[in-house]
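Structure file coords-v9.txt with compact mmCIF, C-alpha atoms:
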# COMPACT_ATOMS: atom_id res chain seq x y z
CA MET A 451 -75.10 0.09 32.01
CA LYS A 452 -73.21 -2.99 30.79
CA PHE A 453 -72.29 -1.13 27.56
CA GLU A 454 -70.81 1.78 29.50
CA LEU A 455 -68.81 -0.67 31.66
CA ALA A 456 -67.41 -2.37 28.56
CA LYS A 457 -66.37 0.98 27.08
CA THR A 458 -64.63 1.89 30.32
CA ILE A 459 -62.70 -1.41 30.38
CA ILE A 460 -61.61 -1.05 26.74
CA LEU A 461 -60.56 2.57 27.25
CA THR A 462 -58.58 1.66 30.35
CA PHE A 463 -56.82 -1.14 28.40
CA LEU A 464 -55.89 1.19 25.55
CA VAL A 465 -54.56 3.86 27.91
CA GLY A 466 -52.47 1.26 29.72
CA LEU A 467 -51.13 -0.13 26.44
CA SER A 468 -50.22 3.36 25.27
CA PHE A 469 -48.41 4.00 28.53
CA LEU A 470 -46.42 0.77 28.21
CA LEU A 471 -45.42 1.54 24.60
CA THR A 472 -44.33 5.04 25.55
CA LEU A 473 -42.30 3.69 28.44
CA ALA A 474 -40.62 1.14 26.14
CA ILE A 475 -39.62 3.87 23.69
CA TRP A 476 -38.16 6.02 26.50
CA ASN A 477 -36.17 3.09 27.84
CA TYR A 478 -35.08 1.77 24.42
CA ASP A 479 -31.65 0.15 24.82
CA ARG A 480 -29.35 0.81 21.87
CA ALA A 481 -27.34 -2.27 22.80
CA TYR A 482 -29.92 -4.36 20.98
CA GLU A 483 -29.21 -2.48 17.79
CA VAL A 484 -25.48 -2.94 18.31
CA ALA A 485 -25.96 -6.68 18.75
CA GLU A 486 -27.97 -6.77 15.57
CA ASP A 487 -25.16 -4.98 13.73
CA ALA A 488 -22.58 -7.28 15.30
CA ASP A 489 -24.36 -10.21 13.67
CA GLN A 490 -24.35 -8.31 10.41
CA THR A 491 -20.60 -7.71 10.78
CA THR A 492 -20.01 -11.44 11.15
CA GLU A 493 -21.99 -12.22 8.02
CA ALA A 494 -20.80 -9.30 5.88
CA GLU A 495 -18.54 -10.53 3.08
CA LEU A 496 -16.69 -9.24 0.06
CA ALA A 497 -16.89 -10.97 -3.29
CA GLY A 498 -13.76 -13.04 -2.70
CA MET A 499 -12.81 -16.29 -1.01
CA GLU A 500 -10.88 -17.71 1.95
CA GLU A 501 -7.21 -18.71 1.85
CA ASN A 502 -4.89 -20.93 3.89
CA LYS A 503 -1.34 -20.54 5.16
CA LYS A 504 0.30 -22.93 2.74
CA ASN A 505 -1.06 -21.11 -0.31
CA LEU A 506 0.26 -17.79 1.00
CA ILE A 507 3.78 -18.92 1.95
CA GLU A 508 5.60 -19.66 -1.29
CA PRO A 509 9.04 -18.83 -2.72
CA TYR A 510 9.24 -16.11 -5.34
CA GLN A 511 12.20 -17.82 -6.99
CA ILE A 512 13.66 -21.32 -7.36
CA VAL A 513 17.11 -21.66 -8.92
CA PHE A 514 19.35 -24.63 -9.70
CA HIS A 515 23.07 -24.31 -9.02
CA THR A 516 24.62 -26.88 -11.32
CA ASN A 517 28.01 -27.28 -13.01
CA GLY A 518 29.10 -23.80 -11.94
CA THR A 519 26.07 -22.03 -13.44
CA THR A 520 22.70 -20.88 -12.09
CA VAL A 521 19.55 -21.67 -14.06
CA GLY A 522 15.79 -21.57 -13.54
CA TYR A 523 12.64 -22.61 -15.33
CA GLU A 524 11.73 -20.70 -18.46
CA ASN A 525 8.06 -21.07 -17.46
CA LYS A 526 8.06 -19.59 -13.99
CA LYS A 527 4.80 -21.35 -13.01
CA GLU A 528 6.72 -24.64 -13.04
CA GLU A 529 8.56 -23.42 -9.93
CA LEU A 530 5.39 -24.05 -7.94
CA GLU A 531 5.55 -27.74 -8.90
CA ILE A 532 9.06 -27.88 -7.45
CA PHE A 533 7.88 -26.21 -4.26
CA ASP A 534 4.99 -28.65 -4.01
CA TYR A 535 7.47 -31.53 -4.29
CA VAL A 536 9.76 -30.06 -1.60
CA SER A 537 6.75 -29.42 0.64
CA ASN A 538 5.99 -33.15 0.67
CA LEU A 539 9.48 -34.21 1.72
CA HIS A 540 9.84 -35.48 5.27
CA LEU A 541 12.50 -33.67 7.31
CA TYR A 542 14.06 -34.71 10.60
CA ASP A 543 16.98 -33.94 12.94
CA PHE A 544 16.61 -30.14 13.04
CA LYS A 545 19.61 -28.42 14.65
CA MET A 546 21.40 -25.11 14.63
CA LEU A 547 24.18 -24.97 12.07
CA GLU A 548 27.45 -24.49 13.94
CA GLU A 549 29.48 -21.43 13.01
CA ASN A 550 32.55 -23.52 12.20
CA ASN A 551 30.55 -25.93 10.03
CA ARG A 552 30.97 -24.32 6.62
CA ILE A 553 28.76 -25.55 3.80
CA ASP A 554 30.49 -26.59 0.59
CA GLU A 555 28.38 -24.95 -2.11
CA SER A 556 30.57 -26.22 -4.96
CA VAL A 557 28.24 -29.23 -5.28
CA ASP A 558 24.89 -29.01 -7.07
CA TYR A 559 21.99 -27.69 -5.03
CA VAL A 560 18.49 -26.27 -5.39
CA GLU A 561 17.74 -22.93 -3.77
CA LEU A 562 14.26 -21.73 -2.85
CA VAL A 563 14.16 -17.98 -2.10
CA PHE A 564 11.24 -16.38 -0.25
CA PRO A 565 10.14 -12.74 -0.51
CA THR A 566 10.71 -12.03 3.19
CA SER A 567 12.46 -13.41 6.25
CA MET A 568 10.13 -15.59 8.28
CA PRO A 569 10.22 -17.19 11.75
CA SER A 570 11.54 -20.73 11.76
CA SER A 571 8.16 -21.91 13.06
CA TYR A 572 6.84 -21.37 9.52
CA ILE A 573 8.94 -24.35 8.36
CA ALA A 574 6.29 -26.71 9.75
CA GLU A 575 3.63 -24.77 7.79
CA ILE A 576 5.23 -25.51 4.43
CA ILE A 577 7.13 -28.80 4.83
CA SER A 578 6.38 -32.11 6.52
CA THR A 579 8.33 -32.35 9.78
CA GLU A 580 8.38 -34.62 12.81
CA GLY A 581 7.07 -31.77 14.95
CA PRO A 582 7.34 -28.01 15.45
CA VAL A 583 10.72 -26.37 14.90
CA SER A 584 11.68 -24.97 18.29
CA ILE A 585 14.85 -23.09 17.29
CA ASP A 586 13.95 -19.40 17.60
CA THR A 587 15.46 -17.84 14.48
CA GLN A 588 14.46 -16.78 10.97
CA PHE A 589 15.01 -18.00 7.41
CA LYS A 590 14.67 -16.49 3.94
CA SER A 591 15.95 -19.26 1.69
CA ILE A 592 16.18 -23.04 1.60
CA LYS A 593 19.16 -24.84 0.10
CA LEU A 594 18.71 -28.51 -0.77
CA PHE A 595 22.02 -30.20 -1.63
CA LEU A 596 22.11 -32.83 -4.38
CA ASP A 597 25.10 -34.69 -2.95
CA GLU A 598 24.88 -38.44 -2.41
CA ASN A 599 27.93 -38.36 -0.12
CA ARG A 600 26.34 -35.90 2.28
CA ASP A 601 24.89 -37.77 5.27
CA SER A 602 24.11 -34.62 7.29
CA ASN A 603 23.18 -31.00 6.60
CA GLN A 604 21.26 -32.17 3.56
CA ILE A 605 18.97 -29.16 3.69
CA ILE A 606 19.75 -25.71 5.13
CA PHE A 607 17.27 -22.99 6.17
CA GLU A 608 19.40 -19.90 5.71
CA ASN A 609 19.06 -16.66 7.64
CA SER A 610 19.29 -13.48 5.53
CA ASP A 611 21.35 -11.93 8.33
CA PRO A 612 24.95 -13.09 7.81
CA TYR A 613 25.36 -13.12 11.59
CA GLY A 614 22.06 -14.91 12.21
CA ILE A 615 21.44 -18.55 13.06
CA ASP A 616 20.95 -21.05 10.22
CA ILE A 617 19.08 -24.34 10.67
CA ARG A 618 20.15 -27.68 9.24
CA ALA A 619 18.11 -30.84 8.81
CA ASN A 620 18.12 -34.16 6.98
CA ILE A 621 15.73 -35.61 4.40
CA GLN A 622 14.26 -39.09 4.35
CA ASN A 623 14.88 -41.11 1.14
CA MET A 624 17.59 -38.69 -0.01
CA PRO A 625 18.82 -40.84 -2.96
CA GLN A 626 15.35 -40.72 -4.52
CA VAL A 627 15.21 -36.95 -4.01
CA ILE A 628 18.54 -36.48 -5.79
CA GLU A 629 17.43 -38.71 -8.67
CA HIS A 630 14.20 -36.68 -9.01
CA PHE A 631 16.06 -33.39 -9.40
CA ASN A 632 18.69 -34.86 -11.71
CA GLN A 633 15.90 -35.98 -14.04
CA LEU A 634 14.35 -32.50 -13.96
CA LEU A 635 17.68 -30.96 -14.96
CA LEU A 636 17.84 -33.29 -17.95
CA VAL A 637 14.37 -32.66 -19.38
CA GLY A 638 13.42 -29.13 -18.24
CA ASP A 639 13.46 -25.92 -20.27
CA PHE A 640 15.77 -23.54 -18.42
CA ILE A 641 17.05 -19.98 -18.63
CA THR A 642 20.31 -18.62 -17.23
CA TYR A 643 20.47 -16.31 -14.22
CA LEU A 644 22.95 -13.51 -13.62
CA PRO A 645 24.43 -13.35 -10.10
CA VAL A 646 24.42 -9.82 -8.65
CA GLU A 647 26.05 -8.76 -5.39
CA VAL A 648 23.97 -6.34 -3.32
CA ARG A 649 23.80 -5.18 0.33
CA ASN A 650 25.91 -7.07 2.91
CA SER A 651 27.68 -8.92 0.07
CA GLN A 652 24.49 -10.93 -0.51
CA THR A 653 24.14 -12.54 -3.95
CA ILE A 654 20.82 -12.43 -5.76
CA TYR A 655 19.97 -13.97 -9.14
CA ILE A 656 18.07 -12.27 -11.95
CA PRO A 657 17.14 -13.72 -15.37
CA LYS A 658 19.54 -12.60 -18.10
CA ASP A 659 16.72 -12.16 -20.61
CA ALA A 660 13.48 -10.58 -19.38
CA ASN A 661 11.01 -12.41 -21.61
CA ILE A 662 7.62 -12.18 -19.92
CA LYS A 663 4.23 -11.41 -21.41
CA GLY A 664 1.92 -8.72 -20.11
CA LYS A 665 -1.86 -8.97 -19.79
CA LYS A 666 -4.89 -6.70 -19.71
CA PHE A 667 -7.74 -7.43 -17.30
CA ARG A 668 -11.33 -6.37 -17.15
CA TYR A 669 -12.37 -5.77 -13.56
CA THR A 670 -15.29 -5.42 -11.19
CA THR A 671 -15.38 -3.14 -8.15
CA ILE A 672 -16.61 -3.16 -4.55
CA SER A 673 -18.78 -0.20 -3.50
CA PRO A 674 -17.79 1.29 -0.12
CA ASP A 675 -21.13 3.11 0.23
CA THR A 676 -23.27 0.12 1.18
CA GLN A 677 -24.10 -0.69 4.79
CA THR A 678 -23.21 -4.32 4.12
CA PHE A 679 -19.65 -3.31 3.21
CA GLN A 680 -19.32 -0.78 6.02
CA SER A 681 -20.48 -3.29 8.63
CA ILE A 682 -17.21 -5.17 8.08
CA PHE A 683 -15.29 -2.22 9.51
CA PHE A 684 -17.78 -0.32 11.69
CA GLN A 685 -19.92 -1.62 14.54
CA ASN A 686 -22.82 0.70 13.64
CA PRO A 687 -22.86 1.58 9.94
CA GLN A 688 -25.79 3.95 10.49
CA ASP A 689 -23.45 6.14 12.56
CA VAL A 690 -20.88 6.45 9.77
CA ALA A 691 -20.54 9.86 8.11
CA ASN A 692 -18.63 10.39 4.88
CA SER A 693 -17.00 13.45 3.34
CA PRO A 694 -14.58 14.22 0.49
CA ASN A 695 -10.87 13.97 1.27
CA PRO A 696 -8.07 16.14 -0.20
CA GLU A 697 -6.83 13.29 -2.45
CA GLY A 698 -10.12 13.23 -4.34
CA GLY A 699 -11.73 10.27 -2.61
CA GLN A 700 -14.05 9.79 0.34
CA THR A 701 -13.47 9.46 4.08
CA TYR A 702 -15.87 7.39 6.20
CA SER A 703 -15.77 7.75 10.00
CA ASP A 704 -17.74 6.98 13.14
CA GLY A 705 -15.48 9.00 15.45
CA THR A 706 -13.04 6.26 16.45
CA ARG A 707 -12.64 4.33 13.21
CA GLN A 708 -11.85 5.73 9.79
CA MET A 709 -11.86 4.37 6.26
CA VAL A 710 -10.24 6.42 3.50
CA VAL A 711 -11.09 5.41 -0.06
CA ARG A 712 -9.03 6.62 -3.04
CA GLY A 713 -9.96 5.15 -6.38
CA TYR A 714 -10.25 1.40 -5.87
CA PHE A 715 -7.99 1.40 -2.81
CA MET A 716 -8.97 1.69 0.85
CA GLU A 717 -7.13 2.35 4.11
CA PHE A 718 -8.88 1.52 7.37
CA THR A 719 -7.59 2.80 10.73
CA ASP A 720 -8.92 1.99 14.21
CA PHE A 721 -7.78 4.87 16.44
CA SER A 722 -9.18 3.17 19.54
CA THR A 723 -6.27 0.73 19.63
CA ASP A 724 -3.61 1.67 22.16
CA ASP A 725 -0.21 2.70 20.83
CA ILE A 726 2.57 0.59 22.31
CA THR A 727 6.26 1.32 22.03
CA GLN A 728 8.50 -1.15 20.24
CA ASN A 729 10.29 -2.12 23.46
CA GLU A 730 6.98 -2.94 25.13
CA GLN A 731 5.92 -4.99 22.12
CA MET A 732 9.10 -7.05 22.01
CA GLU A 733 9.57 -7.58 25.75
CA GLY A 734 9.39 -11.25 26.69
CA THR A 735 8.00 -12.35 23.31
CA ALA A 736 9.89 -14.68 20.98
CA ILE A 737 10.20 -13.92 17.28
CA GLN A 738 8.33 -17.12 16.48
CA GLY A 739 5.37 -16.17 18.69
CA ILE A 740 5.01 -12.74 17.12
CA GLY A 741 5.33 -14.15 13.61
CA ASP A 742 2.77 -16.86 14.28
CA GLN A 743 0.31 -14.30 15.64
CA LEU A 744 0.72 -12.02 12.63
CA LEU A 745 0.19 -14.80 10.12
CA THR A 746 -2.72 -16.45 11.94
CA ASN A 747 -4.55 -13.26 12.92
CA SER A 748 -4.19 -11.55 9.55
CA LEU A 749 -5.34 -14.67 7.71
CA GLU A 750 -8.37 -15.03 9.97
CA HIS A 751 -9.21 -11.33 9.62
CA ILE A 752 -9.22 -11.37 5.81
CA ASN A 753 -10.95 -14.76 5.71
CA SER A 754 -13.72 -13.43 8.00
CA HIS A 755 -15.04 -11.30 5.13
CA ASN A 756 -13.89 -13.45 2.17
CA GLY A 757 -11.35 -10.82 1.24
CA TRP A 758 -9.05 -12.75 -1.11
CA PHE A 759 -9.83 -11.65 -4.68
CA THR A 760 -8.31 -14.65 -6.48
CA GLU A 761 -11.02 -17.16 -7.37
CA LYS A 762 -12.37 -15.16 -10.34
CA SER A 763 -8.95 -14.06 -11.60
CA GLU A 764 -6.95 -16.17 -14.02
CA ASN A 765 -3.53 -17.06 -12.50
CA ILE A 766 -3.82 -14.24 -9.94
CA LYS A 767 -3.03 -15.00 -6.30
CA TYR A 768 -1.59 -13.37 -3.18
CA ARG A 769 1.65 -14.25 -1.43
CA LEU A 770 3.22 -13.31 1.88
CA TYR A 771 5.76 -10.69 0.83
CA ASP A 772 6.77 -8.72 3.90
CA LEU A 773 6.79 -9.59 7.60
CA ASN A 774 8.00 -7.12 10.21
CA THR A 775 7.75 -8.62 13.68
CA SER A 776 9.08 -5.51 15.47
CA LEU A 777 6.46 -3.23 13.89
CA ARG A 778 3.70 -5.88 13.94
CA ASN A 779 3.14 -5.46 10.21
CA ILE A 780 2.39 -8.08 7.55
CA LYS A 781 1.90 -7.59 3.81
CA TYR A 782 0.53 -9.84 1.06
CA ARG A 783 1.36 -9.03 -2.57
CA MET A 784 -0.53 -9.88 -5.73
CA VAL A 785 1.33 -12.21 -8.10
CA TYR A 786 0.51 -13.18 -11.68
CA ASN A 787 1.92 -16.38 -13.20
CA ASN A 788 4.30 -16.47 -10.23
CA TYR A 789 5.66 -12.95 -10.96
CA PRO A 790 5.10 -10.15 -8.39
CA VAL A 791 2.82 -7.21 -9.19
CA PHE A 792 3.75 -3.67 -8.10
CA SER A 793 1.54 -0.61 -8.05
CA SER A 794 2.76 2.48 -9.91
CA ASN A 795 0.84 4.70 -7.45
CA SER A 796 2.15 4.60 -3.87
CA LEU A 797 -0.98 6.39 -2.54
CA GLU A 798 -3.27 3.79 -4.07
CA ASP A 799 -1.35 0.53 -3.78
CA ILE A 800 -3.89 -1.85 -5.25
CA ALA A 801 -1.29 -4.64 -5.59
CA THR A 802 -1.04 -5.42 -1.87
CA MET A 803 -3.02 -6.08 1.29
CA SER A 804 -1.34 -5.09 4.54
CA LEU A 805 -2.28 -5.18 8.21
CA GLU A 806 -0.68 -3.50 11.21
CA TYR A 807 -1.50 -4.63 14.74
CA ARG A 808 -1.41 -2.76 18.03
CA ASN A 809 -2.20 -4.37 21.34
CA GLY A 810 -3.35 -7.49 19.52
CA LYS A 811 -5.93 -5.61 17.43
CA VAL A 812 -6.00 -4.45 13.83
CA PHE A 813 -4.80 -0.85 13.83
CA LYS A 814 -4.45 -0.35 10.07
CA TYR A 815 -5.69 -2.40 7.12
CA THR A 816 -5.12 -1.49 3.47
CA ARG A 817 -6.44 -3.35 0.45
CA PRO A 818 -7.79 -3.03 -3.12
CA LEU A 819 -11.50 -2.69 -3.86
CA MET A 820 -11.39 -4.20 -7.34
CA ILE A 821 -11.31 -7.72 -8.71
CA LEU A 822 -9.34 -8.59 -11.84
CA ALA A 823 -11.53 -10.82 -13.96
CA GLN A 824 -11.35 -11.70 -17.66
CA SER A 825 -7.90 -11.30 -19.21
CA TYR A 826 -6.64 -10.84 -22.74
CA ASP A 827 -3.27 -10.34 -24.41
CA ARG A 828 -1.43 -7.08 -24.77
CA SER A 829 1.40 -6.13 -27.11
CA ASP A 830 4.91 -7.29 -26.17
CA ARG A 831 7.17 -4.92 -24.29
CA LYS A 832 10.95 -4.99 -24.62
CA LEU A 833 12.77 -4.67 -21.32
CA MET A 834 16.42 -4.11 -20.50
CA SER A 835 18.49 -7.26 -20.23
CA ALA A 836 19.96 -8.12 -16.84
CA GLU A 837 23.37 -6.79 -17.91
CA GLU A 838 21.83 -3.50 -19.10
CA LEU A 839 19.91 -3.11 -15.86
CA VAL A 840 22.97 -3.73 -13.69
CA ALA A 841 25.03 -1.29 -15.80
CA PHE A 842 22.32 1.36 -15.36
CA LEU A 843 22.20 0.84 -11.59
CA GLU A 844 25.98 1.00 -11.27
CA GLU A 845 26.18 4.25 -13.30
CA SER A 846 23.13 5.87 -11.73
CA GLU A 847 23.56 8.74 -9.31
CA GLN A 848 20.49 7.59 -7.38
CA TYR A 849 21.49 4.00 -6.63
CA GLU A 850 24.37 2.30 -4.86
CA MET A 851 24.64 -1.45 -5.23
CA ASN A 852 25.51 -1.87 -1.55
CA ARG A 853 22.18 -0.22 -0.64
CA ILE A 854 20.02 -2.36 -2.91
CA LEU A 855 18.15 -5.13 -1.09
CA ASN A 856 16.72 -7.03 -4.03
CA ILE A 857 15.94 -6.92 -7.76
CA GLN A 858 12.95 -8.70 -9.26
CA LEU A 859 11.31 -9.09 -12.62
CA GLY A 860 7.55 -8.56 -12.45
CA TYR A 861 4.65 -6.33 -13.44
CA ARG A 862 3.43 -2.87 -12.67
CA ILE A 863 -0.33 -2.48 -12.58
CA GLU A 864 -1.96 0.59 -14.15
CA GLN A 865 -5.58 1.51 -14.84
CA GLN A 866 -6.35 2.33 -18.45
CA GLU A 867 -10.01 3.32 -18.90
CA GLN A 868 -12.03 0.11 -18.61
CA VAL A 869 -9.11 -2.27 -17.97
CA TYR A 870 -6.13 -2.79 -15.70
CA ASP A 871 -2.85 -3.37 -17.49
CA LEU A 872 -0.11 -5.64 -16.12
CA ILE A 873 3.02 -4.24 -17.72
CA PRO A 874 6.31 -6.20 -17.56
CA THR A 875 8.95 -4.30 -15.60
CA TRP A 876 12.08 -4.47 -13.48
CA CYS A 877 11.70 -3.59 -9.79
CA VAL A 878 14.46 -2.68 -7.36
CA GLU A 879 14.05 -2.81 -3.58
CA THR A 880 15.88 -0.20 -1.51
CA TYR A 881 15.42 1.07 2.04
CA ASN A 882 12.64 3.27 0.63
CA GLY A 883 10.67 0.29 -0.69
CA TRP A 884 10.15 -1.08 -4.18
CA GLU A 885 10.93 1.17 -7.14
CA ILE A 886 9.92 0.52 -10.75
CA ILE A 887 12.55 0.80 -13.48
CA THR A 888 11.98 0.32 -17.21
CA ARG A 889 13.81 1.14 -20.41
CA ASP A 890 11.39 4.03 -21.03
CA MET A 891 12.52 5.76 -17.84
CA VAL A 892 16.23 5.71 -18.62
CA VAL A 893 17.37 9.16 -19.83
CA ASP A 894 20.80 10.72 -20.17
CA GLN A 895 21.59 13.31 -17.53
CA GLY A 896 25.03 14.79 -18.06
CA GLY A 897 26.46 11.44 -19.08
CA GLN A 898 24.68 9.64 -16.24
CA ARG A 899 21.58 7.58 -16.86
CA ASN A 900 19.15 8.04 -14.02
CA ALA A 901 15.41 7.57 -13.81
CA VAL A 902 13.00 5.74 -11.58
CA GLY A 903 9.33 5.14 -10.90
CA THR A 904 8.67 4.87 -7.19
CA ASN A 905 6.21 2.40 -5.75
Target encoding structure tokens, full file:
Amino acid sequence: MKFELAKTIILTFLVGLSFLLTLAIWNYDRAYEVAEDADQTTEAELAGMEENKKNLIEPYQIVFHTNGTTVGYENKKEELEIFDYVSNLHLYDFKMLEENNRIDESVDYVELVFPTSMPSSYIAEIISTEGPVSIDTQFKSIKLFLDENRDSNQIIFENSDPYGIDIRANIQNMPQVIEHFNQLLLVGDFITYLPVEVRNSQTIYIPKDANIKGKKFRYTTISPDTQTFQSIFFQNPQDVANSPNPEGGQTYSDGTRQMVVRGYFMEFTDFSTDDITQNEQMEGTAIQGIGDQLLTNSLEHINSHNGWFTEKSENIKYRLYDLNTSLRNIKYRMVYNNYPVFSSNSLEDIATMSLEYRNGKVFKYTRPLMILAQSYDRSDRKLMSAEELVAFLEESEQYEMNRILNIQLGYRIEQQEQVYDLIPTWCVETYNGWEIITRDMVVDQGGQRNAVGTN
């Protein structure tokens, strides 16, 4: 009798347990799984590192205007030492430069030119100041005047817009600063720059002789097929489906977010972000506020998954290269030995990382999925001189000097079997973006020389 009672109790317990388990399965809340994936998203990382604002905001060119000529360092990496010195100066007395206060540029001065116009609030990110710069304007270059008789306007933050507001300031211990630069001009190895007038009568400076060395790089890649990688971009990687795309790559999607992979390049889009018109974006928001948000948010986003592929690459880094506050877009470009790198394939731009924001959220994010690692020398490549390049542009049917925004000496990056090749090249910026021009592309066409590689 006791045995039968025990069996009944055990059976009743098992039936009850089964019922509870069944009920738990029926009422399973997927939110737990989402939370688990959210933790995974936080921890998911690429094989890179974090960066900071100061390392990303650097000039692409530093030139010395002295004795009526313009010169720069033969070793372009030495420019970064100059920028580091300027960054440690202490500035004070920031004011708007009055329209009637013309700057005498006949004296010697040092000019630091940045790749893009930036809000004046960025000044405090790169140079020691007494406090934030409250003047709501932009700057693209810095002119530091080596004039002992100048007791004001010792440094100018110049707007690229000829009708825009410039900022002036003074420098503590100015005599020592002038002596420092005078010594550099005596002992440095310099090359001569050619002044070229482009759009809006702006003058840019390009090296007369294009003597730079290319490099080949072995590389490693990031696989987009792993759940660890996908959890950076998707809340629930197990819901992601992939299929071939017309360009020969793969498309990954969960219905609201999409990641298109072509070669070692990816483009992520979050379609759930609301589209806002430009007027709505700009209304009531200062340029400085928008610029600060773009820089801070994009840096935090890439840092969140260790997305800067620079630590394992010799002399490779990224630099802020384009900032569009009206379109909420920011772009970082790869540089090598302080020269910019441009992709020869516009559909797979592995030389840049860009982010576009809508309603305060990342709408689009493009980046490379490869890491340049060990480097070795490549054969020298003869480029056009500055005079030859300017003559080609002036004679070309495709270009007009008053529509050119900039000209830079740099590299184009191309994949060649098991390596990536950084090939020295000239690059011209127009309203269509950066375009690659080399001696190999120049061909005669009815007496006109005209050829271009488009980035």
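Put simply, CA of Arg808 (chain A) is 22.1 Å away from CA of Val711 (chain A).
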Quick one: residues within 7 Å of Asn852 (chain A), all atoms listed in the file, excluding same-chain residues fewer than 6 positions away - as a VMD selection string?
chain A and resid 648 to 650
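Among the candidates A:Ile606, A:Phe589, A:Asp601, A:His630, the residue lying nearest to Ile532 (chain A) is A:His630 (atoms considered: all atoms listed in the file).
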Test item: residues at most 7 Å from Arg862 (chain A), all atoms listed in the file, excluding those fewer than 4 positions along its chain, as number ranges by chain:
A: 791-794, 872-875
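Separating CA of Asn623 (chain A) from CA of Ile573 (chain A) is a distance of 19.2 Å.
The closest residue to Ile576 (chain A), picked from A:Gly614, A:Lys504, A:Leu644, A:His515 and counting all atoms listed in the file, is A:Lys504.
A straight line drawn from CA of Ile863 (chain A) to CA of Glu879 (chain A) is 17.0 Å long.
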